[in-house]
Amino acid sequence: MTERPLPAITPETRHFWDGARSGELRLQKCDACSHVYFPPRPFCPKCASREVSVFRASGRASLYSYVIHHRAAPGFTPPYSIAVVELEEGPRMMTNIIDVAQTPEALQLDMPLEVVFQPMSDEISLPLFRPARSAA
Amino acid sequence: MKPGDIAIVGAAETTDLGVIPHMSQIQLHADCALNAMRDAGLKLSDIDGIACAGEVPTNVAHYLGLVPKWVDGTAVGGCSFMLHVRHATAAISAGLCKTVLITHGESGKSRIGALPRSIPPATLQGQFEAPFGIMGTPTMFTIPVLRYLKTYGVTQEQLAMVAVVQREWAAKNPRAMMKHPITVSDVLNSRMIAYPFRLFMCCLVTDGGGALILTSADRAKDFPQKPVYILGTGESVESPMISQMEDFTSSRAFRVAGKQAFASSGIKHSDVDHLMIYDAFAHLPIYGLEDLGFVGRGEGAAFIAERNTAPGGKLPLNTNGGGLSYTHTGMYGMFALQETVRQVRGTAPAQVKDVQVAVCHGVGGMFSASGTIVMADRRG
């Protein structure tokens, strides 16, 4: 099986992937208007301020929506979920839900999740999510 | 620019439609362009503007032998052609050119001379979506739908009804790829693609194309076909990433484009005799009906299931059978426009009686872009 496609890091996203490699989910927050956003960029997409900070997110999220893909894809064994989670801090991101059956019955919208990082290469660890084990 | 100042005077699809292994993508552009020129009774030298997507306008202009003085290569996915109509309308009104040709050609199934499809790994989508197993539109466009179903209590049976009703329209269209009747049960028993989407809820994959020719309404009466007037237009974009769509139950791009189109045309929803909503997947007509304001939020699925959009219903929708049953080359928007033109001319195979005002709504990417065109049989 061929490998799944991996990101090519850009200067604007370096902090995110460095964080993922060290086990941190990093988001950005606008110093001017407090907006928390994703994906990374060095300015606020709400107020256009360039004064923004990187911070470590909780890693807690809930299952917002998903599909269960039933066809072959490089690096995956079908059926597998392609999900969007809503982070506790507000932004949403695409991911896979792991450590749970890939079925509609097991994957309930709004179920609590927590981030885990799966090393894929020296540079890239991917943020995946699993059902929450620790109390929120 | 006033409503009705510009008209469509030529419209045609490719000679063949569906599976066209004997024609490359650039030739599909040319084939429908030549058909549209014949429809309009025009020569190459009569056309001074070109717009297209899929191929850059340079390629199409050179291949055809055109000498344009106005060029638009807006490429925002399957609704690009709605945006081309909007831009052409403005350009002709501004005097930048007189007669614009808009072409679509795509070897979506046979992939003859087609351009490669890939997500560059350094883009935001390449970094933050591609690693999670997305494989084309069936795994992206569909992601918001479970949230929609839960929010409004809509069932998969209601989703399936979209495909069932559109197949009824397709049965009346000799050029539709899929014409045999289907039931809700057939849809829900078709092959699972990406839960909750089964095969019959997903668009076809075909080869084909279509072309339009626009000019000023003052000249339009001199052409052989009944002019189809552009009353109003709208366009917008949202996000290239489905995961970053603002509201999973409603498209911002749909709302922005639709609102502009209605406002600029001066029409009310009750004026609309015929509607096209680009249906790459079964949920698109539901989102479109709601975001264009024909029904309230959460009411689109029931509206379709109650047969309001079916043959004999009060708001005929996707009367060619749509991307689900007619054809879907990849950028289907041109075929929605072609059907709207046929309906306003009165020449559609599944002709709706007395279509005076018609709305044609397109989507690009995965809810990434939108264009809405209001057409009419008179200047307004």
# chains A, B, ... in the order shown; residues from 1 in each chain; ligands from 1
>>> interface_residues(of="chain A", to="chain B", cutoff="7 Å", atoms="only C-alpha atoms", output="NGL selection string")
:A and (4-10 or 64-71 or 73 or 76 or 82 or 84 or 92-96)
>>> write_last_selection(atoms="C-alpha atoms", output="PDB file, in the first residue's frame")
ATOM      1  CA  ARG A   4      -0.827   8.720   2.549  1.00  0.00           C
ATOM      2  CA  PRO A   5       0.054  12.186   1.204  1.00  0.00           C
ATOM      3  CA  LEU A   6       2.035  14.242   3.695  1.00  0.00           C
ATOM      4  CA  PRO A   7       2.157  18.004   4.144  1.00  0.00           C
ATOM      5  CA  ALA A   8       4.955  20.151   2.751  1.00  0.00           C
ATOM      6  CA  ILE A   9       5.608  22.656   5.534  1.00  0.00           C
ATOM      7  CA  THR A  10       5.603  26.368   4.669  1.00  0.00           C
ATOM      8  CA  TYR A  64     -18.670  17.752  14.246  1.00  0.00           C
ATOM      9  CA  SER A  65     -19.323  15.803  11.040  1.00  0.00           C
ATOM     10  CA  TYR A  66     -17.790  13.004   8.983  1.00  0.00           C
ATOM     11  CA  VAL A  67     -18.041  10.466   6.202  1.00  0.00           C
ATOM     12  CA  ILE A  68     -16.945   6.844   6.255  1.00  0.00           C
ATOM     13  CA  HIS A  69     -15.067   6.220   3.041  1.00  0.00           C
ATOM     14  CA  HIS A  70     -15.575   2.761   1.554  1.00  0.00           C
ATOM     15  CA  ARG A  71     -13.127   2.894  -1.327  1.00  0.00           C
ATOM     16  CA  ALA A  73      -7.086   5.390  -0.712  1.00  0.00           C
ATOM     17  CA  PHE A  76      -5.768   3.750   4.344  1.00  0.00           C
ATOM     18  CA  ILE A  82     -12.738  11.335   7.375  1.00  0.00           C
ATOM     19  CA  VAL A  84     -14.160  17.341  10.986  1.00  0.00           C
ATOM     20  CA  ARG A  92     -12.625  23.146  13.274  1.00  0.00           C
ATOM     21  CA  MET A  93     -10.133  20.849  11.573  1.00  0.00           C
ATOM     22  CA  MET A  94     -10.119  17.768   9.384  1.00  0.00           C
ATOM     23  CA  THR A  95      -8.740  14.573  10.878  1.00  0.00           C
ATOM     24  CA  ASN A  96      -9.350  10.834  11.257  1.00  0.00           C
TER      25      ASN A  96
END
>>> select_by_dssp(residues="region 16-100 of chain A", states="strand (DSSP E)", output="PyMOL selection string")
chain A and resi 26-30+36-37+52-56+60-69+80-87+92-95
>>> residues_around(residues="region 352-366 of chain B", least_positions_apart="2", cutoff="8 Å", atoms="only C-alpha atoms", output="ChimeraX atom specification")
/B:76-80,82,137,140-141,240-242,254,258,271-278,288,316,331,333,336-337,340,343-344,346,348,350,368-378
>>> atom_distance(atom1="CA of Ile112 (chain B)", atom2="CA of Ser24 (chain B)")
4.7 Å
>>> closest_residue(among="B:Lys226, B:Lys179, B:Lys109, B:Arg342", to="Tyr326 (chain B)", atoms="only C-alpha atoms")
B:Lys179
>>> residues_around(residues="Gly208 (chain B)", least_positions_apart="4", cutoff="10 Å", atoms="only C-alpha atoms", output="JSON, numbers by chain")
{"B": [13, 14, 15, 16, 17, 18, 19, 20, 23, 24, 25, 27, 28, 29, 31, 32, 104, 105, 106, 107, 108, 109, 327, 328, 329, 330, 331, 332, 335]}
>>> write_last_selection(atoms="N, CA and C atoms", output="PDB file, in the first residue's frame")
ATOM      1  N   GLU B  13     -24.535  22.221 -26.596  1.00  0.00           N
ATOM      2  CA  GLU B  13     -23.661  21.254 -25.941  1.00  0.00           C
ATOM      3  C   GLU B  13     -22.799  20.586 -27.010  1.00  0.00           C
ATOM      4  N   THR B  14     -21.871  19.752 -26.570  1.00  0.00           N
ATOM      5  CA  THR B  14     -21.078  18.979 -27.513  1.00  0.00           C
ATOM      6  C   THR B  14     -21.997  18.055 -28.313  1.00  0.00           C
ATOM      7  N   THR B  15     -21.552  17.675 -29.497  1.00  0.00           N
ATOM      8  CA  THR B  15     -22.353  16.840 -30.380  1.00  0.00           C
ATOM      9  C   THR B  15     -22.733  15.535 -29.688  1.00  0.00           C
ATOM     10  N   ASP B  16     -21.743  14.921 -29.033  1.00  0.00           N
ATOM     11  CA  ASP B  16     -21.991  13.728 -28.223  1.00  0.00           C
ATOM     12  C   ASP B  16     -21.899  14.107 -26.754  1.00  0.00           C
ATOM     13  N   LEU B  17     -22.449  13.250 -25.925  1.00  0.00           N
ATOM     14  CA  LEU B  17     -22.434  13.537 -24.492  1.00  0.00           C
ATOM     15  C   LEU B  17     -22.351  12.208 -23.744  1.00  0.00           C
ATOM     16  N   GLY B  18     -21.510  12.141 -22.738  1.00  0.00           N
ATOM     17  CA  GLY B  18     -21.473  10.924 -21.921  1.00  0.00           C
ATOM     18  C   GLY B  18     -20.102  10.282 -21.938  1.00  0.00           C
ATOM     19  N   VAL B  19     -19.864   9.419 -22.922  1.00  0.00           N
ATOM     20  CA  VAL B  19     -18.560   8.772 -23.079  1.00  0.00           C
ATOM     21  C   VAL B  19     -18.049   9.122 -24.477  1.00  0.00           C
ATOM     22  N   ILE B  20     -16.974   9.919 -24.536  1.00  0.00           N
ATOM     23  CA  ILE B  20     -16.483  10.438 -25.819  1.00  0.00           C
ATOM     24  C   ILE B  20     -14.977  10.184 -25.913  1.00  0.00           C
ATOM     25  N   MET B  23     -12.377  12.046 -28.495  1.00  0.00           N
ATOM     26  CA  MET B  23     -12.189  13.491 -28.511  1.00  0.00           C
ATOM     27  C   MET B  23     -11.406  13.941 -27.281  1.00  0.00           C
ATOM     28  N   SER B  24     -10.401  14.781 -27.516  1.00  0.00           N
ATOM     29  CA  SER B  24      -9.631  15.304 -26.390  1.00  0.00           C
ATOM     30  C   SER B  24     -10.372  16.480 -25.763  1.00  0.00           C
ATOM     31  N   GLN B  25      -9.885  16.879 -24.595  1.00  0.00           N
ATOM     32  CA  GLN B  25     -10.562  17.932 -23.846  1.00  0.00           C
ATOM     33  C   GLN B  25     -10.631  19.251 -24.626  1.00  0.00           C
ATOM     34  N   GLN B  27     -10.648  19.641 -27.788  1.00  0.00           N
ATOM     35  CA  GLN B  27     -11.590  19.483 -28.904  1.00  0.00           C
ATOM     36  C   GLN B  27     -13.035  19.530 -28.409  1.00  0.00           C
ATOM     37  N   LEU B  28     -13.269  19.084 -27.180  1.00  0.00           N
ATOM     38  CA  LEU B  28     -14.619  19.201 -26.615  1.00  0.00           C
ATOM     39  C   LEU B  28     -15.011  20.679 -26.506  1.00  0.00           C
ATOM     40  N   HIS B  29     -14.043  21.533 -26.086  1.00  0.00           N
ATOM     41  CA  HIS B  29     -14.301  22.982 -26.076  1.00  0.00           C
ATOM     42  C   HIS B  29     -14.683  23.457 -27.482  1.00  0.00           C
ATOM     43  N   ASP B  31     -15.709  21.712 -30.132  1.00  0.00           N
ATOM     44  CA  ASP B  31     -16.917  21.091 -30.681  1.00  0.00           C
ATOM     45  C   ASP B  31     -18.174  21.846 -30.246  1.00  0.00           C
ATOM     46  N   CYS B  32     -18.271  22.151 -28.956  1.00  0.00           N
ATOM     47  CA  CYS B  32     -19.468  22.865 -28.494  1.00  0.00           C
ATOM     48  C   CYS B  32     -19.435  24.332 -28.930  1.00  0.00           C
ATOM     49  N   HIS B 104     -17.057  25.304 -22.174  1.00  0.00           N
ATOM     50  CA  HIS B 104     -16.683  24.257 -21.229  1.00  0.00           C
ATOM     51  C   HIS B 104     -16.465  22.975 -22.009  1.00  0.00           C
ATOM     52  N   GLY B 105     -15.373  22.299 -21.742  1.00  0.00           N
ATOM     53  CA  GLY B 105     -15.143  20.982 -22.314  1.00  0.00           C
ATOM     54  C   GLY B 105     -14.334  20.189 -21.310  1.00  0.00           C
ATOM     55  N   GLU B 106     -14.768  18.977 -21.036  1.00  0.00           N
ATOM     56  CA  GLU B 106     -14.047  18.195 -20.032  1.00  0.00           C
ATOM     57  C   GLU B 106     -14.144  16.714 -20.360  1.00  0.00           C
ATOM     58  N   SER B 107     -12.981  16.096 -20.455  1.00  0.00           N
ATOM     59  CA  SER B 107     -12.921  14.658 -20.656  1.00  0.00           C
ATOM     60  C   SER B 107     -12.847  14.025 -19.266  1.00  0.00           C
ATOM     61  N   GLY B 108     -13.979  14.154 -18.555  1.00  0.00           N
ATOM     62  CA  GLY B 108     -13.998  13.767 -17.140  1.00  0.00           C
ATOM     63  C   GLY B 108     -13.919  12.272 -16.937  1.00  0.00           C
ATOM     64  N   LYS B 109     -14.471  11.514 -17.888  1.00  0.00           N
ATOM     65  CA  LYS B 109     -14.463  10.058 -17.767  1.00  0.00           C
ATOM     66  C   LYS B 109     -13.308   9.436 -18.541  1.00  0.00           C
ATOM     67  N   THR B 327     -25.804  14.423 -16.901  1.00  0.00           N
ATOM     68  CA  THR B 327     -24.382  14.290 -17.198  1.00  0.00           C
ATOM     69  C   THR B 327     -23.616  15.045 -16.125  1.00  0.00           C
ATOM     70  N   HIS B 328     -22.355  14.679 -15.899  1.00  0.00           N
ATOM     71  CA  HIS B 328     -21.509  15.456 -14.991  1.00  0.00           C
ATOM     72  C   HIS B 328     -20.056  15.229 -15.387  1.00  0.00           C
ATOM     73  N   THR B 329     -19.539  16.214 -16.102  1.00  0.00           N
ATOM     74  CA  THR B 329     -18.185  16.091 -16.645  1.00  0.00           C
ATOM     75  C   THR B 329     -17.115  16.384 -15.609  1.00  0.00           C
ATOM     76  N   GLY B 330     -17.518  17.017 -14.526  1.00  0.00           N
ATOM     77  CA  GLY B 330     -16.580  17.513 -13.514  1.00  0.00           C
ATOM     78  C   GLY B 330     -16.943  18.946 -13.171  1.00  0.00           C
ATOM     79  N   MET B 331     -17.154  19.767 -14.205  1.00  0.00           N
ATOM     80  CA  MET B 331     -17.638  21.138 -13.993  1.00  0.00           C
ATOM     81  C   MET B 331     -18.984  21.268 -14.703  1.00  0.00           C
ATOM     82  N   TYR B 332     -20.009  20.835 -13.998  1.00  0.00           N
ATOM     83  CA  TYR B 332     -21.348  20.658 -14.578  1.00  0.00           C
ATOM     84  C   TYR B 332     -22.094  21.974 -14.829  1.00  0.00           C
ATOM     85  N   PHE B 335     -23.850  22.827 -18.021  1.00  0.00           N
ATOM     86  CA  PHE B 335     -25.039  22.057 -18.425  1.00  0.00           C
ATOM     87  C   PHE B 335     -26.292  22.572 -17.736  1.00  0.00           C
TER      88      PHE B 335
END
>>> residues_around(residues="His15 (chain A)", least_positions_apart="2", cutoff="10 Å", atoms="only C-alpha atoms", output="list in words")
Ile9, Thr10, Pro11, Glu12, Thr13, Trp17, Asp18, Gly19, Ala20, Arg21, Leu25, Arg26, Leu27, Gln28, Pro40, Val54 and Phe55 of chain A
>>> atom_distance(atom1="CA of Ile92 (chain B)", atom2="CA of His62 (chain B)")
21.7 Å
>>> residues_around(residues="Gln260 (chain B)", least_positions_apart="4", cutoff="10 Å", atoms="only C-alpha atoms", output="list in words")
Gly232, Thr233, Gly234, Glu235, Ser236, Arg255, Val256, Ser264, Ser265, Gly266, Gly371, Thr372 and Ile373 of chain B
>>> residues_around(residues="Met111 (chain A)", least_positions_apart="6", cutoff="10 Å", atoms="only C-alpha atoms", output="PyMOL selection string")
chain A and resi 61-64+85+130-132
>>> write_last_selection(atoms="N, CA and C atoms", output="PDB file, in the first residue's frame")
ATOM      1  N   ALA A  61     -11.836  18.051  21.844  1.00  0.00           N
ATOM      2  CA  ALA A  61     -12.674  18.396  20.697  1.00  0.00           C
ATOM      3  C   ALA A  61     -13.944  17.566  20.738  1.00  0.00           C
ATOM      4  N   SER A  62     -14.878  17.900  19.836  1.00  0.00           N
ATOM      5  CA  SER A  62     -16.052  17.050  19.671  1.00  0.00           C
ATOM      6  C   SER A  62     -16.226  16.748  18.191  1.00  0.00           C
ATOM      7  N   LEU A  63     -16.896  15.636  17.914  1.00  0.00           N
ATOM      8  CA  LEU A  63     -17.061  15.190  16.530  1.00  0.00           C
ATOM      9  C   LEU A  63     -18.137  16.037  15.856  1.00  0.00           C
ATOM     10  N   TYR A  64     -17.734  16.795  14.853  1.00  0.00           N
ATOM     11  CA  TYR A  64     -18.670  17.752  14.246  1.00  0.00           C
ATOM     12  C   TYR A  64     -19.418  17.151  13.065  1.00  0.00           C
ATOM     13  N   VAL A  85     -13.550  17.860  13.262  1.00  0.00           N
ATOM     14  CA  VAL A  85     -13.806  18.006  14.691  1.00  0.00           C
ATOM     15  C   VAL A  85     -13.858  19.488  15.037  1.00  0.00           C
ATOM     16  N   ARG A 130      -9.209  10.560  19.046  1.00  0.00           N
ATOM     17  CA  ARG A 130      -9.816   9.324  19.531  1.00  0.00           C
ATOM     18  C   ARG A 130     -10.848   9.696  20.601  1.00  0.00           C
ATOM     19  N   PRO A 131     -11.762   8.771  20.907  1.00  0.00           N
ATOM     20  CA  PRO A 131     -12.736   9.064  21.966  1.00  0.00           C
ATOM     21  C   PRO A 131     -12.011   9.490  23.252  1.00  0.00           C
ATOM     22  N   ALA A 132     -12.534  10.521  23.916  1.00  0.00           N
ATOM     23  CA  ALA A 132     -11.858  11.082  25.090  1.00  0.00           C
ATOM     24  C   ALA A 132     -11.776  10.049  26.201  1.00  0.00           C
TER      25      ALA A 132
END
>>> select_by_dssp(residues="region 54-247 of chain B", states="alpha helix (DSSP H)", output="ChimeraX atom specification")
/B:57-64,80-93,124-128,145-152,156-170,184-189,217-220
>>> write_last_selection(atoms="C-alpha atoms", output="PDB file, in the first residue's frame")
ATOM      1  CA  PRO B  57      -8.457  30.953 -22.535  1.00  0.00           C
ATOM      2  CA  THR B  58      -5.179  31.193 -24.460  1.00  0.00           C
ATOM      3  CA  ASN B  59      -5.462  27.529 -25.417  1.00  0.00           C
ATOM      4  CA  VAL B  60      -9.097  27.733 -26.455  1.00  0.00           C
ATOM      5  CA  ALA B  61      -8.729  31.021 -28.383  1.00  0.00           C
ATOM      6  CA  HIS B  62      -5.703  29.730 -30.272  1.00  0.00           C
ATOM      7  CA  TYR B  63      -7.231  26.333 -30.988  1.00  0.00           C
ATOM      8  CA  LEU B  64     -10.407  27.911 -32.349  1.00  0.00           C
ATOM      9  CA  SER B  80     -17.048  29.173 -13.277  1.00  0.00           C
ATOM     10  CA  PHE B  81     -19.404  29.556 -16.238  1.00  0.00           C
ATOM     11  CA  MET B  82     -21.983  31.395 -14.141  1.00  0.00           C
ATOM     12  CA  LEU B  83     -19.227  33.817 -13.199  1.00  0.00           C
ATOM     13  CA  HIS B  84     -18.211  34.072 -16.863  1.00  0.00           C
ATOM     14  CA  VAL B  85     -21.789  35.021 -17.764  1.00  0.00           C
ATOM     15  CA  ARG B  86     -21.747  37.669 -15.049  1.00  0.00           C
ATOM     16  CA  HIS B  87     -18.381  39.064 -16.115  1.00  0.00           C
ATOM     17  CA  ALA B  88     -19.286  38.972 -19.813  1.00  0.00           C
ATOM     18  CA  THR B  89     -22.495  40.848 -19.089  1.00  0.00           C
ATOM     19  CA  ALA B  90     -20.499  43.595 -17.384  1.00  0.00           C
ATOM     20  CA  ALA B  91     -17.824  43.652 -20.094  1.00  0.00           C
ATOM     21  CA  ILE B  92     -20.303  43.979 -22.958  1.00  0.00           C
ATOM     22  CA  SER B  93     -22.191  46.690 -21.057  1.00  0.00           C
ATOM     23  CA  LEU B 124      -3.394  24.673   3.090  1.00  0.00           C
ATOM     24  CA  GLN B 125      -5.552  21.883   1.682  1.00  0.00           C
ATOM     25  CA  GLY B 126      -2.444  19.818   1.006  1.00  0.00           C
ATOM     26  CA  GLN B 127      -1.263  20.273   4.567  1.00  0.00           C
ATOM     27  CA  PHE B 128      -4.508  20.140   6.520  1.00  0.00           C
ATOM     28  CA  VAL B 145     -24.168  16.461   5.555  1.00  0.00           C
ATOM     29  CA  LEU B 146     -24.353  14.411   8.766  1.00  0.00           C
ATOM     30  CA  ARG B 147     -24.328  17.731  10.645  1.00  0.00           C
ATOM     31  CA  TYR B 148     -27.148  19.017   8.452  1.00  0.00           C
ATOM     32  CA  LEU B 149     -29.201  15.838   8.948  1.00  0.00           C
ATOM     33  CA  LYS B 150     -28.793  15.992  12.718  1.00  0.00           C
ATOM     34  CA  THR B 151     -29.513  19.733  12.947  1.00  0.00           C
ATOM     35  CA  TYR B 152     -32.789  19.523  11.047  1.00  0.00           C
ATOM     36  CA  GLN B 156     -31.425   9.519   4.538  1.00  0.00           C
ATOM     37  CA  GLU B 157     -34.709   8.525   2.860  1.00  0.00           C
ATOM     38  CA  GLN B 158     -35.425  12.201   2.198  1.00  0.00           C
ATOM     39  CA  LEU B 159     -31.914  12.634   0.819  1.00  0.00           C
ATOM     40  CA  ALA B 160     -32.551   9.663  -1.472  1.00  0.00           C
ATOM     41  CA  MET B 161     -35.740  11.308  -2.771  1.00  0.00           C
ATOM     42  CA  VAL B 162     -33.627  13.995  -4.445  1.00  0.00           C
ATOM     43  CA  ALA B 163     -32.101  11.342  -6.704  1.00  0.00           C
ATOM     44  CA  VAL B 164     -35.473   9.652  -7.302  1.00  0.00           C
ATOM     45  CA  VAL B 165     -37.197  12.858  -8.408  1.00  0.00           C
ATOM     46  CA  GLN B 166     -34.363  13.917 -10.663  1.00  0.00           C
ATOM     47  CA  ARG B 167     -34.413  10.537 -12.371  1.00  0.00           C
ATOM     48  CA  GLU B 168     -38.054  11.239 -13.241  1.00  0.00           C
ATOM     49  CA  TRP B 169     -36.922  14.372 -15.074  1.00  0.00           C
ATOM     50  CA  ALA B 170     -34.023  12.519 -16.703  1.00  0.00           C
ATOM     51  CA  VAL B 184     -35.834   5.329  -2.569  1.00  0.00           C
ATOM     52  CA  SER B 185     -35.054   1.711  -1.826  1.00  0.00           C
ATOM     53  CA  ASP B 186     -32.870   1.469  -4.955  1.00  0.00           C
ATOM     54  CA  VAL B 187     -30.923   4.529  -3.819  1.00  0.00           C
ATOM     55  CA  LEU B 188     -30.475   3.268  -0.258  1.00  0.00           C
ATOM     56  CA  ASN B 189     -29.365  -0.142  -1.537  1.00  0.00           C
ATOM     57  CA  ALA B 217     -29.933  42.874 -26.155  1.00  0.00           C
ATOM     58  CA  ASP B 218     -30.170  45.649 -28.737  1.00  0.00           C
ATOM     59  CA  ARG B 219     -28.533  43.313 -31.285  1.00  0.00           C
ATOM     60  CA  ALA B 220     -30.108  40.117 -29.991  1.00  0.00           C
TER      61      ALA B 220
END
>>> atom_distance(atom1="CA of Arg252 (chain B)", atom2="CA of Gly293 (chain B)")
12.6 Å
